[in-house]
Amino acid sequence: MAVGEAYFPNMPVIDGLRLGTSRAGIKSPERRDLVVIEIPDGAQVVGAFTRNAFCAAPVIVARDHLARCASRGAAARYLVINTGNANAGTGETGLRDARATCAALAQLAGVDEDSVLPFSTGVIGEPLPMERVIGGLPAAFAALDGTAQAWHQAAQGILTTDTRAKGASVTLQIGDGSVTINGISKGSGMIRPDMATMLAFVATDASIEMSLLDALLHETLDRSFNCITVDGDTSTNDACMLMATGRGAVVADNDPDALEIFRNGLQRVMTELAQAIVRDGEGATKFVTLQVSGAGDRQEALDVAFTVAHSPLVKTALYASDANWGRILAAVGRAPVENFDVSRVVIDLDDVRLVEQGGRAASYAEDAGSEVMARDEITIHIDLGRGKDKATVWTSDLSHDYISINADYRS
């Protein structure tokens, strides 16, 4: 899928899971901005959250409620997501508002307050308009549905500066049964691990133990959402939730074939959702894959990839389709790698060799480099010649529109 191209898959029903949206008028009256996700009793629910020290009130409350559920051998039953306001940087008032939102939905659903997890995205530092949020809950609750349309509406209901809904789905054959994995995500700017300014909600009907589900969540996160960057900023509100209703085929440690099929399917969904965020990066015109190989360890490969991906000079050259390969070389050279032997580094731009033996490749031709830089999708491959580890990171260019979008964000 090219940069700027909108696509949303047909989402199969996940038995027992329902989604509902409403127009609460949190920031603008005409758009869907409040989402409720209902999780059946007996499901397993795990999550991962931002590591930003100024994490938002809903992150604090969601973590707390998730832990409380686990302590009594239960799982969350409802998620409530609002856009238009991040409820971040709001202190004790924000915590009270997040808890009050959970309490209001819990009363509607007839469940305990800590069975509800809150999520917010939008402007930081503004109080949550509680009258609108609480007022929008009954309509979202009444709209609960498991259809493909409900998934699409929920994906629209969590967007901020995104230009399109983001979804991914896969159905897997496991033994005599099947497993479906659906996911939606949002994110466009303030994108950088851990985990990017993103929300992601992934559900499956697999029957799987919570500990294994949690391990798979973090494993696939490390090779998806933690491998994307648009602008190098880590948000206050990041969250990724993984829910398993237990109504499909069994996935367990003692069945390695089933486990591998499920792991690969989950990785595919997570990667597609993560890449969709980069493709919709604020002002992005190019989708760029950074492949680093020959590293001493995976972290070293990631350090090099992110150093290049975060370079404003590299990103603006990409936007201009300028084959200024020296900017890539310089970024690789300043990565935090000890005892760097630059004579062993090889850099390719798609199929064009840029750098070898410490300088410009003898085979390099400017017109060939310029032709690659003009493409919508570009791969930069960097072989460090130091070891056998590797990593892949996805990023975008940096355009005039990125500045305009963020300069006007609160207006």
# chains A, B, ... in the order shown; residues from 1 in each chain; ligands from 1
$ residues_around --residues "range 377-390 of chain A" --least-positions-apart "4" --cutoff "9 Å" --atoms "only C-alpha atoms" --output "PDB file with N, CA, C and O atoms, in the first residue's frame"
ATOM      1  N   ALA A   2       0.612   2.165  -0.885  1.00  0.00           N
ATOM      2  CA  ALA A   2       1.426   3.361  -1.010  1.00  0.00           C
ATOM      3  C   ALA A   2       1.096   4.376   0.063  1.00  0.00           C
ATOM      4  O   ALA A   2       0.037   4.339   0.690  1.00  0.00           O
ATOM      5  N   VAL A   3       2.036   5.323   0.279  1.00  0.00           N
ATOM      6  CA  VAL A   3       1.797   6.423   1.211  1.00  0.00           C
ATOM      7  C   VAL A   3       0.585   7.206   0.730  1.00  0.00           C
ATOM      8  O   VAL A   3       0.448   7.513  -0.454  1.00  0.00           O
ATOM      9  N   LYS A 286       6.641   9.726   1.876  1.00  0.00           N
ATOM     10  CA  LYS A 286       7.431   8.524   1.598  1.00  0.00           C
ATOM     11  C   LYS A 286       7.386   7.564   2.788  1.00  0.00           C
ATOM     12  O   LYS A 286       7.374   7.992   3.946  1.00  0.00           O
ATOM     13  N   PHE A 287       7.378   6.281   2.462  1.00  0.00           N
ATOM     14  CA  PHE A 287       7.469   5.222   3.460  1.00  0.00           C
ATOM     15  C   PHE A 287       8.860   4.609   3.327  1.00  0.00           C
ATOM     16  O   PHE A 287       9.230   4.115   2.256  1.00  0.00           O
ATOM     17  N   VAL A 288       9.629   4.657   4.415  1.00  0.00           N
ATOM     18  CA  VAL A 288      11.045   4.290   4.353  1.00  0.00           C
ATOM     19  C   VAL A 288      11.326   3.124   5.300  1.00  0.00           C
ATOM     20  O   VAL A 288      11.001   3.176   6.489  1.00  0.00           O
ATOM     21  N   THR A 289      11.931   2.075   4.758  1.00  0.00           N
ATOM     22  CA  THR A 289      12.355   0.927   5.547  1.00  0.00           C
ATOM     23  C   THR A 289      13.860   1.015   5.762  1.00  0.00           C
ATOM     24  O   THR A 289      14.623   1.142   4.805  1.00  0.00           O
ATOM     25  N   LEU A 290      14.273   0.948   7.016  1.00  0.00           N
ATOM     26  CA  LEU A 290      15.689   0.950   7.368  1.00  0.00           C
ATOM     27  C   LEU A 290      16.061  -0.443   7.864  1.00  0.00           C
ATOM     28  O   LEU A 290      15.601  -0.881   8.915  1.00  0.00           O
ATOM     29  N   GLN A 291      16.869  -1.137   7.086  1.00  0.00           N
ATOM     30  CA  GLN A 291      17.324  -2.474   7.450  1.00  0.00           C
ATOM     31  C   GLN A 291      18.802  -2.400   7.824  1.00  0.00           C
ATOM     32  O   GLN A 291      19.635  -2.010   7.013  1.00  0.00           O
ATOM     33  N   VAL A 292      19.094  -2.761   9.067  1.00  0.00           N
ATOM     34  CA  VAL A 292      20.481  -2.780   9.534  1.00  0.00           C
ATOM     35  C   VAL A 292      20.862  -4.222   9.825  1.00  0.00           C
ATOM     36  O   VAL A 292      20.199  -4.916  10.594  1.00  0.00           O
ATOM     37  N   SER A 293      21.927  -4.686   9.200  1.00  0.00           N
ATOM     38  CA  SER A 293      22.419  -6.046   9.406  1.00  0.00           C
ATOM     39  C   SER A 293      23.897  -5.988   9.809  1.00  0.00           C
ATOM     40  O   SER A 293      24.504  -4.917   9.862  1.00  0.00           O
ATOM     41  N   GLY A 294      24.461  -7.159  10.098  1.00  0.00           N
ATOM     42  CA  GLY A 294      25.872  -7.214  10.453  1.00  0.00           C
ATOM     43  C   GLY A 294      26.204  -6.524  11.757  1.00  0.00           C
ATOM     44  O   GLY A 294      27.336  -6.072  11.969  1.00  0.00           O
ATOM     45  N   ALA A 295      25.224  -6.447  12.663  1.00  0.00           N
ATOM     46  CA  ALA A 295      25.434  -5.770  13.945  1.00  0.00           C
ATOM     47  C   ALA A 295      25.926  -6.752  15.002  1.00  0.00           C
ATOM     48  O   ALA A 295      25.710  -7.955  14.908  1.00  0.00           O
ATOM     49  N   GLY A 296      26.580  -6.198  16.036  1.00  0.00           N
ATOM     50  CA  GLY A 296      27.055  -7.032  17.130  1.00  0.00           C
ATOM     51  C   GLY A 296      25.928  -7.599  17.957  1.00  0.00           C
ATOM     52  O   GLY A 296      26.033  -8.703  18.492  1.00  0.00           O
ATOM     53  N   ASP A 297      24.820  -6.854  18.082  1.00  0.00           N
ATOM     54  CA  ASP A 297      23.614  -7.330  18.742  1.00  0.00           C
ATOM     55  C   ASP A 297      22.433  -6.531  18.207  1.00  0.00           C
ATOM     56  O   ASP A 297      22.603  -5.555  17.475  1.00  0.00           O
ATOM     57  N   ARG A 298      21.224  -6.936  18.567  1.00  0.00           N
ATOM     58  CA  ARG A 298      20.026  -6.286  18.029  1.00  0.00           C
ATOM     59  C   ARG A 298      19.946  -4.820  18.452  1.00  0.00           C
ATOM     60  O   ARG A 298      19.541  -3.959  17.663  1.00  0.00           O
ATOM     61  N   GLN A 299      20.319  -4.515  19.707  1.00  0.00           N
ATOM     62  CA  GLN A 299      20.241  -3.130  20.159  1.00  0.00           C
ATOM     63  C   GLN A 299      21.151  -2.223  19.345  1.00  0.00           C
ATOM     64  O   GLN A 299      20.797  -1.089  19.025  1.00  0.00           O
ATOM     65  N   GLU A 300      22.322  -2.704  19.000  1.00  0.00           N
ATOM     66  CA  GLU A 300      23.244  -1.942  18.163  1.00  0.00           C
ATOM     67  C   GLU A 300      22.599  -1.649  16.802  1.00  0.00           C
ATOM     68  O   GLU A 300      22.694  -0.525  16.281  1.00  0.00           O
ATOM     69  N   ALA A 301      21.943  -2.645  16.231  1.00  0.00           N
ATOM     70  CA  ALA A 301      21.261  -2.446  14.951  1.00  0.00           C
ATOM     71  C   ALA A 301      20.151  -1.421  15.076  1.00  0.00           C
ATOM     72  O   ALA A 301      19.983  -0.551  14.201  1.00  0.00           O
ATOM     73  N   LEU A 302      19.390  -1.489  16.162  1.00  0.00           N
ATOM     74  CA  LEU A 302      18.322  -0.515  16.388  1.00  0.00           C
ATOM     75  C   LEU A 302      18.884   0.887  16.576  1.00  0.00           C
ATOM     76  O   LEU A 302      18.328   1.872  16.068  1.00  0.00           O
ATOM     77  N   VAL A 304      21.570   2.215  15.323  1.00  0.00           N
ATOM     78  CA  VAL A 304      21.964   2.767  14.021  1.00  0.00           C
ATOM     79  C   VAL A 304      20.731   3.141  13.209  1.00  0.00           C
ATOM     80  O   VAL A 304      20.652   4.237  12.637  1.00  0.00           O
ATOM     81  N   ALA A 305      19.745   2.244  13.178  1.00  0.00           N
ATOM     82  CA  ALA A 305      18.540   2.499  12.385  1.00  0.00           C
ATOM     83  C   ALA A 305      17.816   3.749  12.866  1.00  0.00           C
ATOM     84  O   ALA A 305      17.417   4.602  12.057  1.00  0.00           O
ATOM     85  N   VAL A 332      24.852   7.450  10.191  1.00  0.00           N
ATOM     86  CA  VAL A 332      25.365   6.139  10.617  1.00  0.00           C
ATOM     87  C   VAL A 332      26.604   6.334  11.487  1.00  0.00           C
ATOM     88  O   VAL A 332      26.765   5.689  12.532  1.00  0.00           O
ATOM     89  N   PHE A 340      33.739   1.510  15.952  1.00  0.00           N
ATOM     90  CA  PHE A 340      33.159   1.443  14.622  1.00  0.00           C
ATOM     91  C   PHE A 340      34.277   1.392  13.572  1.00  0.00           C
ATOM     92  O   PHE A 340      35.119   2.279  13.514  1.00  0.00           O
ATOM     93  N   ASP A 341      34.289   0.373  12.743  1.00  0.00           N
ATOM     94  CA  ASP A 341      35.233   0.289  11.628  1.00  0.00           C
ATOM     95  C   ASP A 341      34.471   0.679  10.361  1.00  0.00           C
ATOM     96  O   ASP A 341      33.786  -0.141   9.741  1.00  0.00           O
ATOM     97  N   VAL A 342      34.586   1.962   9.967  1.00  0.00           N
ATOM     98  CA  VAL A 342      33.785   2.466   8.849  1.00  0.00           C
ATOM     99  C   VAL A 342      34.168   1.796   7.531  1.00  0.00           C
ATOM    100  O   VAL A 342      33.373   1.784   6.583  1.00  0.00           O
ATOM    101  N   SER A 343      35.366   1.218   7.453  1.00  0.00           N
ATOM    102  CA  SER A 343      35.774   0.577   6.207  1.00  0.00           C
ATOM    103  C   SER A 343      34.962  -0.677   5.908  1.00  0.00           C
ATOM    104  O   SER A 343      34.950  -1.170   4.772  1.00  0.00           O
ATOM    105  N   ARG A 344      34.267  -1.197   6.926  1.00  0.00           N
ATOM    106  CA  ARG A 344      33.482  -2.420   6.746  1.00  0.00           C
ATOM    107  C   ARG A 344      32.002  -2.136   6.507  1.00  0.00           C
ATOM    108  O   ARG A 344      31.218  -3.053   6.262  1.00  0.00           O
ATOM    109  N   VAL A 345      31.604  -0.877   6.591  1.00  0.00           N
ATOM    110  CA  VAL A 345      30.192  -0.508   6.441  1.00  0.00           C
ATOM    111  C   VAL A 345      29.820  -0.430   4.963  1.00  0.00           C
ATOM    112  O   VAL A 345      30.531   0.171   4.154  1.00  0.00           O
ATOM    113  N   VAL A 346      28.681  -1.028   4.629  1.00  0.00           N
ATOM    114  CA  VAL A 346      28.137  -0.968   3.276  1.00  0.00           C
ATOM    115  C   VAL A 346      26.720  -0.398   3.371  1.00  0.00           C
ATOM    116  O   VAL A 346      25.923  -0.865   4.184  1.00  0.00           O
ATOM    117  N   ILE A 347      26.416   0.612   2.556  1.00  0.00           N
ATOM    118  CA  ILE A 347      25.095   1.233   2.557  1.00  0.00           C
ATOM    119  C   ILE A 347      24.510   1.169   1.151  1.00  0.00           C
ATOM    120  O   ILE A 347      25.149   1.595   0.182  1.00  0.00           O
ATOM    121  N   ASP A 348      23.290   0.639   1.061  1.00  0.00           N
ATOM    122  CA  ASP A 348      22.573   0.554  -0.212  1.00  0.00           C
ATOM    123  C   ASP A 348      21.267   1.320  -0.123  1.00  0.00           C
ATOM    124  O   ASP A 348      20.589   1.303   0.926  1.00  0.00           O
ATOM    125  N   LEU A 349      20.896   1.957  -1.208  1.00  0.00           N
ATOM    126  CA  LEU A 349      19.615   2.629  -1.357  1.00  0.00           C
ATOM    127  C   LEU A 349      18.822   1.807  -2.360  1.00  0.00           C
ATOM    128  O   LEU A 349      19.077   1.864  -3.566  1.00  0.00           O
ATOM    129  N   ASP A 350      17.872   0.989  -1.858  1.00  0.00           N
ATOM    130  CA  ASP A 350      17.261  -0.052  -2.681  1.00  0.00           C
ATOM    131  C   ASP A 350      18.369  -0.877  -3.334  1.00  0.00           C
ATOM    132  O   ASP A 350      19.187  -1.445  -2.641  1.00  0.00           O
ATOM    133  N   ASP A 351      18.445  -0.886  -4.658  1.00  0.00           N
ATOM    134  CA  ASP A 351      19.458  -1.704  -5.330  1.00  0.00           C
ATOM    135  C   ASP A 351      20.679  -0.897  -5.771  1.00  0.00           C
ATOM    136  O   ASP A 351      21.503  -1.371  -6.560  1.00  0.00           O
ATOM    137  N   VAL A 372      15.942   6.402  -7.268  1.00  0.00           N
ATOM    138  CA  VAL A 372      15.425   5.695  -6.098  1.00  0.00           C
ATOM    139  C   VAL A 372      14.801   6.678  -5.117  1.00  0.00           C
ATOM    140  O   VAL A 372      13.712   6.437  -4.581  1.00  0.00           O
ATOM    141  N   MET A 373      15.456   7.804  -4.876  1.00  0.00           N
ATOM    142  CA  MET A 373      14.947   8.776  -3.906  1.00  0.00           C
ATOM    143  C   MET A 373      13.602   9.357  -4.325  1.00  0.00           C
ATOM    144  O   MET A 373      12.845   9.868  -3.486  1.00  0.00           O
TER     145      MET A 373
END
$ residues_around --residues "range 200-206 of chain A" --least-positions-apart "2" --cutoff "9 Å" --atoms "only C-alpha atoms" --output "number ranges by chain"
A: 14-17, 43, 178-187, 198, 208, 238-251, 262, 266, 269-270, 273-274
$ closest_residue --among "A:Thr160, A:Leu95, A:Thr50, A:Ala109" --to "Lys27 in chain A" --atoms "only C-alpha atoms"
A:Thr160
$ atom_distance --atom1 "CA of Leu172 in chain A" --atom2 "CA of Val13 in chain A"
13.7 Å
$ atom_distance --atom1 "CA of Ala103 in chain A" --atom2 "CA of Ala75 in chain A"
16.5 Å
$ residues_around --residues "Ala142 in chain A" --least-positions-apart "3" --cutoff "9 Å" --atoms "only C-alpha atoms" --output "list in words"
Gly20, Thr21, Leu137, Pro138, Ala139 and Asp145 of chain A
$ residues_around --residues "range 129-131 of chain A" --least-positions-apart "2" --cutoff "7 Å" --atoms "only C-alpha atoms" --output "NGL selection string"
:A and (26 or 97 or 127 or 133-135)
$ write_last_selection --atoms "all heavy atoms" --output "tab-separated table (two decimals), in the first residue's frame"
chain	number	residue	atom	x	y	z
A	26	ILE	N	-16.60	15.97	21.92
A	26	ILE	CA	-15.49	16.28	22.81
A	26	ILE	C	-14.64	17.41	22.25
A	26	ILE	O	-14.22	18.31	22.98
A	26	ILE	CB	-14.64	15.01	23.06
A	26	ILE	CG1	-15.49	14.00	23.85
A	26	ILE	CG2	-13.36	15.33	23.83
A	26	ILE	CD1	-14.89	12.62	23.93
A	97	ASP	N	-11.24	12.23	36.79
A	97	ASP	CA	-12.08	12.17	35.59
A	97	ASP	C	-11.99	10.80	34.92
A	97	ASP	O	-12.99	10.26	34.44
A	97	ASP	CB	-11.66	13.27	34.61
A	97	ASP	CG	-12.06	14.66	35.08
A	97	ASP	OD1	-12.89	14.75	36.01
A	97	ASP	OD2	-11.53	15.65	34.53
A	127	PRO	N	-8.38	19.93	30.65
A	127	PRO	CA	-9.26	19.03	31.40
A	127	PRO	C	-10.24	18.32	30.48
A	127	PRO	O	-10.70	18.88	29.48
A	127	PRO	CB	-9.98	19.97	32.37
A	127	PRO	CG	-9.89	21.32	31.76
A	127	PRO	CD	-8.59	21.35	31.01
A	133	VAL	N	-18.29	13.59	27.79
A	133	VAL	CA	-17.86	12.20	27.82
A	133	VAL	C	-18.93	11.31	28.45
A	133	VAL	O	-19.34	10.30	27.86
A	133	VAL	CB	-16.51	12.05	28.58
A	133	VAL	CG1	-16.16	10.58	28.76
A	133	VAL	CG2	-15.40	12.78	27.85
A	134	ILE	N	-19.37	11.68	29.64
A	134	ILE	CA	-20.39	10.88	30.32
A	134	ILE	C	-21.68	10.87	29.50
A	134	ILE	O	-22.35	9.83	29.40
A	134	ILE	CB	-20.66	11.44	31.74
A	134	ILE	CG1	-19.36	11.41	32.58
A	134	ILE	CG2	-21.76	10.64	32.42
A	134	ILE	CD1	-18.79	10.04	32.80
A	135	GLY	N	-22.00	12.02	28.91
A	135	GLY	CA	-23.22	12.10	28.11
A	135	GLY	C	-23.19	11.25	26.87
A	135	GLY	O	-24.24	10.81	26.36
$ select_by_dssp --residues "range 270-373 of chain A" --states "strand (DSSP E)" --output "list in words"
Phe287, Val288, Thr289, Leu290, Gln291, Val292, Ser293, Gly294, Ala295, Val346, Ile347, Asp348, Leu349, Val352, Arg353, Leu354, Val355, Glu356, Gly359 and Arg360 of chain A
$ select_by_dssp --residues "range 105-244 of chain A" --states "helix (DSSP H, G or I)" --output "JSON, numbers by chain"
{"A": [105, 106, 107, 108, 109, 113, 114, 115, 130, 131, 132, 133, 134, 135, 136, 137, 138, 139, 140, 141, 142, 148, 149, 150, 151, 152, 153, 154, 155, 156, 157, 210, 211, 212, 213, 214, 215, 216, 217, 218, 219, 220, 221, 225, 226, 227]}
$ write_last_selection --atoms "C-alpha atoms" --output "mmCIF file, in the first residue's frame"
data_model
loop_
_atom_site.group_PDB
_atom_site.id
_atom_site.type_symbol
_atom_site.label_atom_id
_atom_site.label_comp_id
_atom_site.auth_asym_id
_atom_site.auth_seq_id
_atom_site.Cartn_x
_atom_site.Cartn_y
_atom_site.Cartn_z
ATOM 1 C CA LEU A 105 -19.621 2.896 32.060
ATOM 2 C CA ALA A 106 -19.480 0.276 34.821
ATOM 3 C CA GLN A 107 -22.901 1.427 36.016
ATOM 4 C CA LEU A 108 -24.314 1.147 32.491
ATOM 5 C CA ALA A 109 -22.841 -2.337 32.029
ATOM 6 C CA GLU A 113 -15.484 -0.130 38.145
ATOM 7 C CA ASP A 114 -12.046 -1.725 37.890
ATOM 8 C CA SER A 115 -13.345 -3.977 35.104
ATOM 9 C CA MET A 130 -16.692 15.254 31.506
ATOM 10 C CA GLU A 131 -20.268 16.299 30.772
ATOM 11 C CA ARG A 132 -19.740 15.406 27.109
ATOM 12 C CA VAL A 133 -17.856 12.196 27.821
ATOM 13 C CA ILE A 134 -20.389 10.883 30.324
ATOM 14 C CA GLY A 135 -23.224 12.100 28.113
ATOM 15 C CA GLY A 136 -21.878 10.173 25.134
ATOM 16 C CA LEU A 137 -21.512 6.827 26.909
ATOM 17 C CA PRO A 138 -25.149 5.609 26.700
ATOM 18 C CA ALA A 139 -25.202 5.996 22.901
ATOM 19 C CA ALA A 140 -21.869 4.190 22.497
ATOM 20 C CA PHE A 141 -23.033 1.420 24.816
ATOM 21 C CA ALA A 142 -26.336 1.046 22.963
ATOM 22 C CA ALA A 148 -17.241 -5.283 10.346
ATOM 23 C CA GLN A 149 -19.012 -1.921 10.315
ATOM 24 C CA ALA A 150 -18.596 -1.627 14.099
ATOM 25 C CA TRP A 151 -14.850 -2.272 13.746
ATOM 26 C CA HIS A 152 -14.568 0.396 11.048
ATOM 27 C CA GLN A 153 -16.535 2.947 13.072
ATOM 28 C CA ALA A 154 -14.391 2.230 16.139
ATOM 29 C CA ALA A 155 -11.226 2.721 14.061
ATOM 30 C CA GLN A 156 -12.588 6.098 12.955
ATOM 31 C CA GLY A 157 -13.616 6.975 16.492
ATOM 32 C CA MET A 210 -2.844 -15.021 29.998
ATOM 33 C CA SER A 211 0.884 -15.467 30.629
ATOM 34 C CA LEU A 212 1.456 -16.720 27.092
ATOM 35 C CA LEU A 213 -0.747 -13.972 25.633
ATOM 36 C CA ASP A 214 1.263 -11.353 27.534
ATOM 37 C CA ALA A 215 4.575 -12.793 26.349
ATOM 38 C CA LEU A 216 3.374 -12.781 22.736
ATOM 39 C CA LEU A 217 2.137 -9.197 23.049
ATOM 40 C CA HIS A 218 5.541 -7.909 24.131
ATOM 41 C CA GLU A 219 7.415 -10.089 21.647
ATOM 42 C CA THR A 220 5.386 -8.796 18.700
ATOM 43 C CA LEU A 221 5.413 -5.219 20.000
ATOM 44 C CA PHE A 225 5.130 -0.632 17.206
ATOM 45 C CA ASN A 226 8.534 -0.338 18.876
ATOM 46 C CA CYS A 227 10.176 -0.221 15.450
#
$ atom_distance --atom1 "CA of Val352 in chain A" --atom2 "CA of Asn339 in chain A"
26.9 Å
$ residues_around --residues "Gly359 in chain A" --least-positions-apart "3" --cutoff "9 Å" --atoms "only C-alpha atoms" --output "count of residues only"
7
$ closest_residue --among "A:Leu398, A:Ala368, A:Leu19, A:Val278" --to "Ala143 in chain A" --atoms "only C-alpha atoms"
A:Leu19
$ closest_residue --among "A:Gly84, A:Pro336, A:Pro12, A:Gly265" --to "Thr161 in chain A" --atoms "only C-alpha atoms"
A:Gly84
$ residues_around --residues "Ser120 in chain A" --least-positions-apart "4" --cutoff "6 Å" --atoms "only C-alpha atoms" --output "list in words"
Ile81, Asn82, Thr83 and Ala86 of chain A
$ closest_residue --among "A:Asp303, A:Arg263, A:Ser311, A:Ala284" --to "Ile403 in chain A" --atoms "only C-alpha atoms"
A:Ala284
$ residues_around --residues "Glu272 in chain A" --least-positions-apart "2" --cutoff "9 Å" --atoms "only C-alpha atoms" --output "list in words"
Lys166, Gly167, Ala168, Ser224, Gln267, Arg268, Val269, Met270, Ala274, Gln275, Ala276 and Ile277 of chain A
$ closest_residue --among "A:Pro118, A:Gly358, A:Gly175, A:Pro58" --to "Pro256 in chain A" --atoms "only C-alpha atoms"
A:Gly175
$ closest_residue --among "A:Arg51, A:Arg68, A:Arg334, A:Arg99" --to "Val80 in chain A" --atoms "only C-alpha atoms"
A:Arg99
$ decode --residues "range 82-89 of chain A" --atoms "all heavy atoms" --output "short mmCIF file (atom, residue, chain, number, x, y, z; two decimals), in the first residue's frame"
data_model
loop_
_atom_site.label_atom_id
_atom_site.label_comp_id
_atom_site.auth_asym_id
_atom_site.auth_seq_id
_atom_site.Cartn_x
_atom_site.Cartn_y
_atom_site.Cartn_z
N ASN A 82 -11.63 7.80 24.36
CA ASN A 82 -12.08 9.07 23.80
C ASN A 82 -10.95 9.72 23.01
O ASN A 82 -9.77 9.56 23.32
CB ASN A 82 -12.55 10.04 24.88
CG ASN A 82 -11.40 10.67 25.67
OD1 ASN A 82 -10.98 10.13 26.68
ND2 ASN A 82 -10.90 11.80 25.20
N THR A 83 -11.30 10.43 21.95
CA THR A 83 -10.35 11.24 21.22
C THR A 83 -10.72 12.71 21.44
O THR A 83 -11.73 13.04 22.05
CB THR A 83 -10.36 10.89 19.72
OG1 THR A 83 -9.31 11.60 19.08
CG2 THR A 83 -11.67 11.23 19.07
N GLY A 84 -9.82 13.60 20.98
CA GLY A 84 -10.07 15.03 21.15
C GLY A 84 -9.47 15.63 22.41
O GLY A 84 -9.35 16.84 22.53
N ASN A 85 -9.09 14.78 23.36
CA ASN A 85 -8.51 15.26 24.62
C ASN A 85 -7.73 14.11 25.24
O ASN A 85 -8.27 13.03 25.46
CB ASN A 85 -9.62 15.73 25.57
CG ASN A 85 -9.07 16.36 26.84
OD1 ASN A 85 -8.32 15.75 27.58
ND2 ASN A 85 -9.46 17.59 27.11
N ALA A 86 -6.43 14.36 25.53
CA ALA A 86 -5.55 13.30 26.03
C ALA A 86 -5.69 13.05 27.52
O ALA A 86 -5.22 12.03 28.01
CB ALA A 86 -4.09 13.66 25.72
N ASN A 87 -6.33 13.97 28.25
CA ASN A 87 -6.37 13.88 29.72
C ASN A 87 -4.98 13.58 30.26
O ASN A 87 -4.78 12.71 31.11
CB ASN A 87 -7.38 12.82 30.17
CG ASN A 87 -7.69 12.91 31.66
OD1 ASN A 87 -7.35 13.90 32.31
ND2 ASN A 87 -8.33 11.89 32.20
N ALA A 88 -3.99 14.30 29.74
CA ALA A 88 -2.59 14.16 30.16
C ALA A 88 -2.10 15.50 30.69
O ALA A 88 -2.53 16.56 30.21
CB ALA A 88 -1.73 13.73 28.98
N GLY A 89 -1.23 15.46 31.69
CA GLY A 89 -0.78 16.70 32.30
C GLY A 89 -1.90 17.38 33.07
O GLY A 89 -1.94 18.61 33.19
#
